[in-house]
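Visitor: Contents are compact mmCIF, C-alpha atoms; file name final39.txt:
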```
# COMPACT_ATOMS: atom_id res chain seq x y z
CA MET L 83 -16.73 -70.16 24.12
CA ASN L 84 -16.60 -69.42 27.85
CA GLN L 85 -18.58 -66.53 29.26
CA LEU L 86 -16.59 -63.41 28.42
CA VAL L 87 -17.05 -61.73 31.82
CA PHE L 88 -17.90 -63.30 35.17
CA ILE L 89 -18.39 -62.14 38.73
CA GLU L 90 -15.88 -63.29 41.35
CA ASN L 91 -15.33 -61.84 44.85
CA ASN L 92 -17.89 -59.16 44.04
CA GLN L 93 -15.93 -57.97 40.98
CA ALA L 94 -16.52 -58.14 37.24
CA LEU L 95 -13.57 -60.05 35.73
CA THR L 96 -12.33 -61.97 32.73
CA ASP L 97 -9.22 -64.12 32.47
CA SER L 98 -6.33 -64.64 30.09
CA LEU L 99 -7.68 -68.02 28.89
CA THR L 100 -10.98 -66.45 27.82
CA VAL L 101 -9.18 -63.52 26.16
CA ALA L 102 -6.97 -65.93 24.20
CA GLU L 103 -10.00 -67.90 23.00
CA ALA L 104 -12.03 -64.78 22.14
CA PHE L 105 -9.29 -63.19 20.06
CA GLY L 106 -7.97 -66.40 18.52
CA LYS L 107 -4.54 -66.26 20.14
CA ARG L 108 -2.31 -68.70 22.01
CA HIS L 109 -2.63 -68.44 25.77
CA ALA L 110 1.16 -68.28 26.08
CA ASP L 111 1.13 -65.17 23.84
CA ILE L 112 -1.49 -63.48 26.04
CA ILE L 113 0.58 -64.25 29.16
CA ARG L 114 3.66 -62.82 27.45
CA ALA L 115 1.75 -59.71 26.36
CA ILE L 116 0.55 -59.07 29.93
CA ASN L 117 4.07 -59.50 31.31
CA ASN L 118 5.43 -57.05 28.73
CA LEU L 119 2.79 -54.32 29.09
CA SER L 120 4.28 -50.83 29.27
CA CYS L 121 2.12 -49.77 32.21
CA THR L 122 3.05 -48.79 35.75
CA LYS L 123 3.53 -51.42 38.43
CA GLU L 124 0.55 -49.98 40.36
CA PHE L 125 -1.76 -50.25 37.31
CA ASN L 126 -0.61 -53.82 36.68
CA GLU L 127 -1.21 -54.88 40.30
CA ARG L 128 -4.69 -53.27 40.34
CA ASN L 129 -5.86 -54.88 37.09
CA PHE L 130 -4.04 -58.21 36.70
CA ALA L 131 -3.84 -61.02 39.26
CA SER L 132 -1.83 -64.19 38.64
CA VAL L 133 -3.63 -67.36 39.79
CA ASP L 134 -3.14 -71.11 39.32
CA TYR L 135 -5.55 -73.45 37.53
CA LEU L 136 -5.61 -77.09 36.39
CA ASP L 137 -5.50 -77.69 32.66
CA SER L 138 -7.27 -80.52 30.81
CA LYS L 139 -4.42 -82.89 31.76
CA GLY L 140 -4.79 -82.04 35.44
CA GLU L 141 -1.50 -80.11 35.46
CA GLN L 142 -1.13 -76.83 37.33
CA ARG L 143 -0.76 -73.79 35.10
CA LYS L 144 -0.78 -70.00 35.49
CA LYS L 145 -3.39 -67.60 34.20
CA TYR L 146 -4.36 -63.99 34.88
CA LEU L 147 -7.61 -62.60 36.25
CA ILE L 148 -8.23 -59.30 34.47
CA LYS L 149 -10.32 -56.25 35.33
CA LYS L 150 -12.02 -54.02 32.75
CA ASP L 151 -9.27 -51.36 32.61
CA GLY L 152 -6.64 -54.06 32.29
CA LEU L 153 -8.47 -55.68 29.39
CA VAL L 154 -8.80 -52.36 27.52
CA PHE L 155 -5.07 -51.68 27.98
CA LEU L 156 -4.16 -55.21 26.90
CA VAL L 157 -6.26 -55.45 23.71
CA MET L 158 -5.87 -51.90 22.42
CA GLY L 159 -3.03 -53.05 20.17
CA PHE L 160 -4.73 -56.22 18.93
CA THR L 161 -5.51 -56.32 15.21
CA GLY L 162 -7.54 -58.59 12.95
CA SER L 163 -10.90 -58.81 11.20
CA LYS L 164 -12.90 -59.72 14.32
CA THR L 165 -10.82 -57.84 16.89
CA ALA L 166 -12.97 -54.69 16.94
CA GLU L 167 -16.12 -56.82 17.28
CA PHE L 168 -14.80 -58.64 20.35
CA LYS L 169 -13.48 -55.43 21.90
CA GLU L 170 -17.01 -54.03 21.74
CA LYS L 171 -18.50 -57.27 23.08
CA TYR L 172 -16.07 -57.31 25.99
CA ILE L 173 -16.74 -53.71 26.97
CA ALA L 174 -20.51 -54.25 26.69
CA GLU L 175 -20.27 -57.40 28.84
CA PHE L 176 -18.18 -55.64 31.48
CA ASN L 177 -20.72 -52.82 31.62
CA ARG L 178 -23.57 -55.33 31.97
CA MET L 179 -21.83 -57.22 34.77
CA GLU L 180 -20.98 -54.02 36.63
CA LEU L 181 -24.66 -53.06 36.44
CA GLU L 182 -25.57 -56.48 37.87
CA LEU L 183 -23.15 -55.90 40.73
CA GLN L 184 -24.78 -52.54 41.46
CA LYS L 185 -28.18 -54.22 41.55
CA LEU L 186 -26.90 -56.92 43.88
CA SER L 187 -25.65 -54.28 46.30
CA GLN L 188 -29.10 -52.65 46.51
CA PRO L 189 -31.62 -53.69 49.18
CA SER L 190 -33.96 -56.35 47.80
CA TYR L 191 -37.05 -54.13 48.14
CA MET L 192 -35.52 -51.62 45.66
CA ILE L 193 -35.02 -54.19 42.88
CA GLU L 194 -37.87 -54.38 40.35
CA ASP L 195 -36.91 -57.61 38.58
CA PRO L 196 -38.47 -60.46 40.66
CA VAL L 197 -35.63 -62.93 39.99
CA SER L 198 -32.90 -60.44 40.92
CA ARG L 199 -34.95 -59.35 43.94
CA ALA L 200 -35.26 -62.94 45.12
CA LYS L 201 -31.50 -63.54 44.69
CA ARG L 202 -30.69 -60.39 46.63
CA TRP L 203 -33.16 -61.34 49.40
CA ILE L 204 -31.43 -64.73 49.80
CA VAL L 205 -28.04 -63.01 50.10
CA GLU L 206 -29.46 -60.61 52.70
CA GLN L 207 -30.83 -63.47 54.79
CA GLU L 208 -27.51 -65.33 54.62
CA GLU L 209 -25.68 -62.17 55.72
CA LYS L 210 -28.12 -61.67 58.61
CA GLN L 211 -27.72 -65.28 59.77
CA ALA L 212 -23.91 -65.06 59.57
CA LEU L 213 -23.94 -61.81 61.55
CA ALA L 214 -26.29 -63.28 64.17
CA LYS L 215 -23.98 -66.31 64.63
CA GLN L 216 -20.96 -64.04 64.89
CA ASN L 217 -22.68 -61.85 67.52
CA GLU L 218 -23.79 -64.92 69.48
CA LYS L 219 -20.24 -66.30 69.51
CA LEU L 220 -18.90 -62.92 70.60
CA HIS L 221 -21.49 -62.69 73.38
CA ILE L 222 -20.56 -66.16 74.70
CA GLU L 223 -16.85 -65.30 74.65
CA GLN L 224 -17.47 -62.01 76.45
CA LYS L 225 -19.51 -63.79 79.14
CA GLN L 226 -16.81 -66.41 79.60
CA ASN L 227 -14.07 -63.79 79.90
CA GLU L 228 -16.09 -61.25 81.88
CA PRO L 229 -14.72 -62.17 85.35
CA LEU L 230 -11.14 -62.07 84.08
CA VAL L 231 -11.69 -58.77 82.25
CA ASN L 232 -13.26 -57.18 85.34
CA PHE L 233 -10.39 -58.31 87.53
CA ALA L 234 -7.84 -57.07 84.98
CA LYS L 235 -9.47 -53.63 85.02
CA ILE L 236 -9.36 -53.53 88.83
CA SER L 237 -5.72 -54.67 88.95
CA GLN L 238 -4.48 -52.46 86.12
CA GLY L 239 -2.07 -49.87 87.41
CA SER L 240 -2.05 -51.42 90.90
CA ASN L 241 1.22 -52.41 92.57
CA GLU L 242 -0.45 -54.42 95.31
CA LEU L 243 1.18 -57.78 96.01
CA LYS L 244 -0.99 -60.59 97.38
CA LEU L 245 -0.42 -63.83 99.20
CA VAL L 246 -1.41 -67.04 97.43
CA ARG L 247 -4.29 -67.54 99.85
CA GLU L 248 -5.56 -64.04 99.00
CA VAL L 249 -5.44 -64.89 95.28
CA ALA L 250 -7.41 -68.07 96.04
CA LYS L 251 -10.09 -65.93 97.73
CA ILE L 252 -10.24 -63.61 94.70
CA ALA L 253 -10.64 -66.68 92.46
CA GLN L 254 -13.54 -67.87 94.63
CA LYS L 255 -15.24 -64.46 94.24
CA GLU L 256 -14.84 -64.88 90.48
CA GLY L 257 -16.74 -68.20 90.66
CA LEU L 258 -13.65 -70.41 90.60
CA VAL L 259 -13.89 -73.13 93.26
CA ILE L 260 -10.37 -73.44 94.61
CA GLY L 261 -8.70 -73.19 98.01
CA GLU L 262 -5.20 -72.13 99.04
CA GLN L 263 -3.71 -75.64 99.07
CA ARG L 264 -5.19 -76.56 95.69
CA LEU L 265 -3.90 -73.30 94.24
CA TRP L 266 -0.37 -74.05 95.51
CA LYS L 267 -0.68 -77.45 93.84
CA LYS L 268 -1.75 -75.83 90.55
CA LEU L 269 1.15 -73.37 90.69
CA ARG L 270 3.56 -76.30 91.04
CA GLU L 271 1.88 -78.18 88.18
CA TRP L 272 2.23 -75.11 85.94
CA GLY L 273 5.92 -74.83 86.78
CA TYR L 274 5.51 -71.52 88.59
CA ILE L 275 6.57 -72.88 92.03
CA PHE L 276 9.23 -75.48 92.77
CA LYS L 277 7.92 -78.89 93.90
CA ASN L 278 7.71 -79.36 97.68
CA SER L 279 8.42 -75.65 98.07
CA THR L 280 6.79 -72.21 98.14
CA GLU L 281 9.64 -70.65 96.16
CA PRO L 282 8.90 -69.37 92.63
CA THR L 283 10.84 -70.81 89.72
CA GLN L 284 13.28 -68.59 87.83
CA LYS L 285 10.99 -68.56 84.80
CA ALA L 286 8.00 -67.35 86.88
CA MET L 287 10.16 -64.64 88.47
CA GLU L 288 11.47 -63.48 85.08
CA SER L 289 7.87 -63.34 83.79
CA GLY L 290 7.06 -60.94 86.62
CA TYR L 291 4.42 -63.16 88.25
CA PHE L 292 5.93 -63.25 91.76
CA GLN L 293 8.07 -61.33 94.19
CA VAL L 294 9.89 -62.82 97.16
CA ILE L 295 9.77 -60.57 100.21
CA GLN L 296 12.50 -60.99 102.80
CA ARG L 297 12.44 -59.77 106.38
CA ASN L 298 14.72 -60.23 109.32
CA ILE L 299 13.47 -61.90 112.51
CA ASN L 300 15.58 -61.09 115.52
CA THR L 301 15.87 -63.62 118.34
CA PRO L 302 17.94 -63.45 121.54
CA SER L 303 20.51 -65.74 119.96
CA ASP L 304 20.61 -64.65 116.30
CA THR L 305 18.87 -63.00 113.35
CA ARG L 306 16.99 -65.14 110.87
CA VAL L 307 15.77 -64.24 107.38
CA ARG L 308 12.21 -65.18 106.55
CA THR L 309 10.96 -65.21 102.95
CA THR L 310 7.39 -64.83 101.77
CA THR L 311 6.20 -65.46 98.21
CA LYS L 312 3.74 -62.87 96.95
CA VAL L 313 1.85 -62.65 93.66
CA THR L 314 2.16 -59.51 91.53
CA PRO L 315 -0.88 -57.97 89.76
CA LYS L 316 0.44 -59.45 86.51
CA GLY L 317 0.71 -62.85 88.18
CA GLN L 318 -2.80 -62.56 89.64
CA ILE L 319 -4.27 -61.96 86.18
CA ARG L 320 -2.20 -64.81 84.73
CA ILE L 321 -3.36 -67.25 87.42
CA LEU L 322 -7.04 -66.35 86.94
CA HIS L 323 -6.64 -66.65 83.19
CA LYS L 324 -5.19 -70.18 83.49
CA LEU L 325 -7.90 -71.25 85.95
CA HIS L 326 -10.65 -69.97 83.63
CA LYS L 327 -8.99 -71.69 80.66
CA GLU L 328 -8.77 -75.04 82.47
CA ILE L 329 -12.44 -74.91 83.47
CA LYS L 330 -13.40 -74.02 79.89
CA GLU L 331 -11.35 -76.92 78.48
CA GLN L 332 -12.76 -79.36 81.03
CA GLY L 333 -16.28 -78.28 80.08
CA ALA L 334 -15.52 -78.83 76.39
CA ILE L 335 -14.16 -82.34 77.11
CA ALA L 336 -17.22 -83.16 79.24
CA ARG L 337 -19.55 -82.22 76.40
```
Rewrite the structure of this file - the entire thing - as structure tokens.
Guide:
Amino acid sequence: MNQLVFIENNQALTDSLTVAEAFGKRHADIIRAINNLSCTKEFNERNFASVDYLDSKGEQRKKYLIKKDGLVFLVMGFTGSKTAEFKEKYIAEFNRMELELQKLSQPSYMIEDPVSRAKRWIVEQEEKQALAKQNEKLHIEQKQNEPLVNFAKISQGSNELKLVREVAKIAQKEGLVIGEQRLWKKLREWGYIFKNSTEPTQKAMESGYFQVIQRNINTPSDTRVRTTTKVTPKGQIRILHKLHKEIKEQGAIAR
């Protein structure tokens, strides 16, 4: 017979297959009994979880993972010569497993049993290593995004428009090696500026990355309209973000 109770995802559980074997019933009958339990929906969801498994033929079937309260509710109506015996065994096994879980949650130095203490110490070391890796990854990401984050904080709430050459200078201060002409080229590659032009595309305008400023220039003969493309704070942040991303991707390819 399979182990009556097992630990999975830090919980003491049994399953419908084991219950069927322990009480000498067909698994289909146990499934039907669970589906027909006269308990609330909330109780059912807390104590029974439907999962898939492969049977001996390699075919996918359904079974239930069952918590202690769910088992007690399920088997309370079972009858038979050995039913009471297995009810007691199940409850005792659940209690034992729950005690094991409590021990596993204690710091290793508080556990008296040397084997349990050693197991807990291994888990602690694995948790520490996983946390250290997570912190290291976070630190690297923060460093990589630090210039962009700082600039976003400065620009937040600002309505100041900038020329493309001014954005190029900001990028240089952020450690991004790029001049005005190269930045214009990038903006055209990204589809923000029309080719052979300094005019923003409709998509870039709708995204709020640019504004086109118009001013009249009076001459003795006529009045001409001059347009200047300026980058909004939102556009400045977007441009820096894309430049940082490209450098990061190029570095990854180089490695």
Visitor: Rounded to one decimal place, report the atom CA of Asn278 of chain L-atom CA of Lys327 of chain L distance in Å.
Guide: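 A separation of 25.0 Å between them.
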Visitor: Tyr274 of chain L: which residues within 9 Å, counting all atoms listed in the file, same-chain residues fewer than 2 positions away excluded, as a PyMOL selection string?
Guide: chain L and resi 268-272+276+281-287+291-292
Visitor: Write to file, as a PDB file, in the coordinates of the input, the residues of the selection just made, with C-alpha atoms.
Guide:
```pdb
ATOM      1  CA  LYS L 268      -1.750 -75.830  90.550  1.00  0.00           C
ATOM      2  CA  LEU L 269       1.150 -73.370  90.690  1.00  0.00           C
ATOM      3  CA  ARG L 270       3.560 -76.300  91.040  1.00  0.00           C
ATOM      4  CA  GLU L 271       1.880 -78.180  88.180  1.00  0.00           C
ATOM      5  CA  TRP L 272       2.230 -75.110  85.940  1.00  0.00           C
ATOM      6  CA  PHE L 276       9.230 -75.480  92.770  1.00  0.00           C
ATOM      7  CA  GLU L 281       9.640 -70.650  96.160  1.00  0.00           C
ATOM      8  CA  PRO L 282       8.900 -69.370  92.630  1.00  0.00           C
ATOM      9  CA  THR L 283      10.840 -70.810  89.720  1.00  0.00           C
ATOM     10  CA  GLN L 284      13.280 -68.590  87.830  1.00  0.00           C
ATOM     11  CA  LYS L 285      10.990 -68.560  84.800  1.00  0.00           C
ATOM     12  CA  ALA L 286       8.000 -67.350  86.880  1.00  0.00           C
ATOM     13  CA  MET L 287      10.160 -64.640  88.470  1.00  0.00           C
ATOM     14  CA  TYR L 291       4.420 -63.160  88.250  1.00  0.00           C
ATOM     15  CA  PHE L 292       5.930 -63.250  91.760  1.00  0.00           C
TER      16      PHE L 292
END
```
Visitor: Would you write out, as a Markdown table, a table of all residues in segment 137-208 of chain L that have an atom no more than 6 Å from an atom of segment 96-104 of chain L, listing for each the closest atom pair and the distance in Å to one decimal, considering all atoms listed in the file and ordering rows by chain and rising residue number?
Guide:
```
| residue | atom | partner | partner_atom | distance |
| --- | --- | --- | --- | --- |
| L:Lys145 | CA | L:Ser98 | CA | 5.9 |
| L:Tyr146 | CA | L:Ser98 | CA | 5.2 |
| L:Leu147 | CA | L:Asp97 | CA | 4.4 |
| L:Ile148 | CA | L:Thr96 | CA | 5.2 |
```
Visitor: Identify, on the basis of all atoms listed in the file, every residue whose closest approach to Ile173 of chain L does not exceed 12 Å; exclude the query and any residue fewer than 5 positions from it along the same chain; express the result as a compact mmCIF listing (two decimals) with C-alpha atoms, keeping the file's coordinate frame.
Guide:
```
# COMPACT_ATOMS: atom_id res chain seq x y z
CA LEU L 86 -16.59 -63.41 28.42
CA VAL L 87 -17.05 -61.73 31.82
CA ALA L 94 -16.52 -58.14 37.24
CA LEU L 95 -13.57 -60.05 35.73
CA THR L 96 -12.33 -61.97 32.73
CA LYS L 149 -10.32 -56.25 35.33
CA LYS L 150 -12.02 -54.02 32.75
CA ASP L 151 -9.27 -51.36 32.61
CA GLY L 152 -6.64 -54.06 32.29
CA LEU L 153 -8.47 -55.68 29.39
CA VAL L 154 -8.80 -52.36 27.52
CA PHE L 155 -5.07 -51.68 27.98
CA VAL L 157 -6.26 -55.45 23.71
CA MET L 158 -5.87 -51.90 22.42
CA ALA L 166 -12.97 -54.69 16.94
CA GLU L 167 -16.12 -56.82 17.28
CA PHE L 168 -14.80 -58.64 20.35
CA ARG L 178 -23.57 -55.33 31.97
CA MET L 179 -21.83 -57.22 34.77
CA GLU L 180 -20.98 -54.02 36.63
```
Visitor: Which distance in Å separates atom CA of Val249 of chain L and atom CA of Glu262 of chain L, to one decimal?
Guide: 8.2 Å
Visitor: Mind giving me the straight-line distance from atom CA of Glu90 of chain L to atom CA of Lys169 of chain L in Å, one decimal?
Guide: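 Interatomic distance, atom CA of Glu90 of chain L to atom CA of Lys169 of chain L: 21.1 Å.
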Visitor: Would you list the contacts of Ser279 of chain L as a PyMOL selection string, taking every protein, DNA or RNA residue within 12 Å and counting all atoms listed in the file, but skipping same-chain residues closer than 6 positions in sequence?
Guide: chain L and resi 266-267+269-270+273+309-311
Visitor: Save the residues we just selected, C-alpha atoms, as a PDB file, in the frame of the given file?
Guide:
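Produced file out.pdb, reproduced below:
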```pdb
ATOM      1  CA  TRP L 266      -0.370 -74.050  95.510  1.00  0.00           C
ATOM      2  CA  LYS L 267      -0.680 -77.450  93.840  1.00  0.00           C
ATOM      3  CA  LEU L 269       1.150 -73.370  90.690  1.00  0.00           C
ATOM      4  CA  ARG L 270       3.560 -76.300  91.040  1.00  0.00           C
ATOM      5  CA  GLY L 273       5.920 -74.830  86.780  1.00  0.00           C
ATOM      6  CA  THR L 309      10.960 -65.210 102.950  1.00  0.00           C
ATOM      7  CA  THR L 310       7.390 -64.830 101.770  1.00  0.00           C
ATOM      8  CA  THR L 311       6.200 -65.460  98.210  1.00  0.00           C
TER       9      THR L 311
END
```
Visitor: Taking into account only C-alpha atoms, which residue in the set L:Gly140, L:Gln207, L:Phe88, L:Phe160 is nearest to Lys107 of chain L?
Guide: L:Phe160
